[in-house]
Amino acid sequence: MAINTDQLLDSARRLRTEIGGDVHDRLTASIYAEAEQIAGRAVTQSGQRGRFDFDRTLDRILTSKTWGFPAMFVLLLGVFWLTIAGANIPSQMLGTLLLEYGYTWLHQLAAALSAPAWLSGLLIDGVYLATAWVIAVMLPPMAIFFPLFTLLEDFGYLPRVAFNLDRLFHRAGAHGKQSLSMVMGYGCNAAGVVATRIIESPRERLIAIITNNFSICNGRWPTLILMGTIFIGAAAPPFLASFIAAGSVVAVAILGVVVTLFVSAFLSRTWLKGETSTFSLELPPYRPPRVWQTIYTSIIDRTLIVLWRAIVMAAPAGAIIWLSSNIYLGDMSIAGHMVTWLNPLGLLIGLNGVILFAYIVAIPANEIVVPTILMLTMTVGASLTGAQPGVMLELDDAQVYTVLTQLGGWTLLTAVNLMLFSLLHNPCSTTIMTIWNETKNRRWTAVATLLPLGLAFAVTFFTASVARLLGWA
Amino acid sequence: MTVDNLVSNPAAHPASACAACPMYNGAQLTRLGINMTDWDFVVALAGNPNTGKSTVFNALTGLRQHTGNWPGKTVVRAEGGFLYGDKRYKLVDLPGTYSLLSTSADEEVARDFILFGQPTVTVVIVDATRLERNLNLALQVLEITDRVVVGLNLMDEAKRHGLQVDERRLARDLGVPVVPMAARQGEGVQALLKAIDEVASGVFVTQPRRVNHRDPQLEGAVSQLVRQIEFAFPGLPNARWVALRLLDDDESIERAVSDGTLGQLTQTLTPQTAPAIRLELEAVN
């Protein structure tokens, strides 16, 4: 058998040279010729070609050199404005229901059952509160954002985004299909990393994997939306507030694209030098989106699955937060020690110890950053700033603002740098595992994890220094 | 996970109004979701990107594989099951590819499954509005396997564009069943199931079209190589295709020849032996 196969491969090699190579082109040519012949016999064209013309007209605008990017900007702004403006009221209602009534009711129940303080603390102040926070913060914006985004996807807009960005990626020495995996990353970076399989060249695929982190994933949108709403939108006149808030979120998203291009260019000129491949991208026809089906599936499949993942992560995180702020080593809780230890570094980059500790707790999932920050600010952070610790029960934007500025000592710089840190910092543990699975290479997995983290520290240190020099903070 | 059982009683529905509803198509169809134990037949779903493979997959299995209007959405295989008549089917949704000749990771997943996974039937979903380009892939699939059903999808869009596609002519030219469909509206799903069932059970014997390369030199080399391949791997179902791949210097097929993976294709796969090969493939991917 072994001899047979060797002989077989030898004679294939011999025959290949005998017939003069270029077999690939000859095969392709005859397949194409045959397909053309068969299709020609089966298809007849009659009547109007109206819809093709509609597609072309729309594409002339959406993929135009002049209007392509402005159209993209307006669409994104529209999506985020609807999300921010629409999510505000349901978020407050959920907050009242889960945090005010639910929390109080559970404590009354625990008192009636005369549950020990540590148990009701762990379960209600820890697990329940973190979970309730995640639901109140995430559910309304996700329930609006996902259907809108899925409608755009169903309509056929995403390949047009890829088409617009292709030129920029090409100039950065990256593969144009990277724009598709980047767009996937706006849902989930782990999915975005898997989506890079459509890129043939290993060099360009690695660039796409490493930079996918700068696509803001589900878990990070709520942080940006909250910061944009209560710090940046609130600084504007009320009638402009939601537009400015949406604008700030879009600005961070665009900055993510800029960073993606910048890091891609850096990688393709240093560690990952090489040729840029060409490829053809099919622009599918615009299809009338199936509105109800899209809303149904994006709420069931995306919103609820993402929310469920957040809850699964938030429940144990709530327990860890409660335990770490209630187990004392010496005169301070574990969380207190950690936060005090991280505080100088945090302040140096315009953040604080609570935020950095929250990012350590949130390594498994970015979704729990906001609840962790709020819970820790109420307890540990308050003792650092000398305020009275407590539990926040209302998800009123003004209330959150008061808590963060007064108990946490936040400024506008803290909010801006938190948005930047959220955009740039290391991928979550699920994504890191996926990168390892896709590359099977320790070095590249480390680069994909540490390069963003280093960048996050460098950029926030820079903005904090500038703000201090100019006397803004 | 629960099993989605959506069998409906046909007598309960007035036929006309419900014909377009996916639930109606469940007359003989039980969607099994991810419950796929002890299947009788394996069906692979291939096709160009963005032709509606995932939509067909969802209609048959009751699963909700993410669908989207852009090429490159599905890059890994999704699997699900359904029951049609008294046979259990495992359905595998392959990544969308324009060809099986190049070597990107997603194309390799698709090709390896059609070749080594030895599906009982391979359904090629083609876009009726872009038939010529889609047939390139269909013809390549027909080189690898005999048992093919062509799902002529997006017929509604073709109609809107004023295109008439003669599915009978196409079926005669390709030598396999061709089912006109509008999967987004659930049309043609029932006919597709019937065609899959007929090809799987051998009621319909396909006579697949093989591309004639009209190149005496090339065809000569192919037939010489086919003889040697048939000698080395007696009973191999697609020696001609392997010969073409070897002449094209396809490294992964050369590897399959020298490490004997190709030899496994000469054994008829049963559901009991198939999983082992599938696992090996997963390790390769």
# chains A, B, ... in the order shown; residues from 1 in each chain; ligands from 1
>>> interface_residues(of="chain A", to="chain B", cutoff="7 Å", atoms="only C-alpha atoms", output="PyMOL selection string")
chain A and resi 1+4-6+8+12+15-16+19+23-24+27+30-32+34-36+38-39+42-51+153-156+158-159+195+197-200+282+284
>>> select_by_dssp(residues="range 40-262 of chain B", states="helix (DSSP H, G or I)", output="ChimeraX atom specification")
/B:53-61,105-116,128-144,155-160,167-174,183-185,189-200,216-232,239-247,251-258,262
>>> residues_around(residues="Val203 in chain B", least_positions_apart="4", cutoff="12 Å", atoms="only C-alpha atoms", output="list in words")
Arg147, Pro177, Lys194, Ala195, Ile196, Asp197, Glu198 and Val199 of chain B
>>> closest_residue(among="B:Gly80, B:Pro237, B:Gly62, B:Gly188", to="Thr145 in chain B", atoms="only C-alpha atoms")
B:Pro237
>>> residues_around(residues="Thr223 in chain A", least_positions_apart="2", cutoff="12 Å", atoms="only C-alpha atoms", output="ChimeraX atom specification")
/A:134,137-138,141,216-221,225-231,249,252,355,359,366-374,415-423
>>> atom_distance(atom1="CA of Leu412 in chain A", atom2="CA of Val259 in chain A")
22.4 Å
>>> residues_around(residues="range 435-447 of chain A", least_positions_apart="4", cutoff="8 Å", atoms="only C-alpha atoms", output="PyMOL selection string")
chain A and resi 190+193-194+206+209-210+431+451
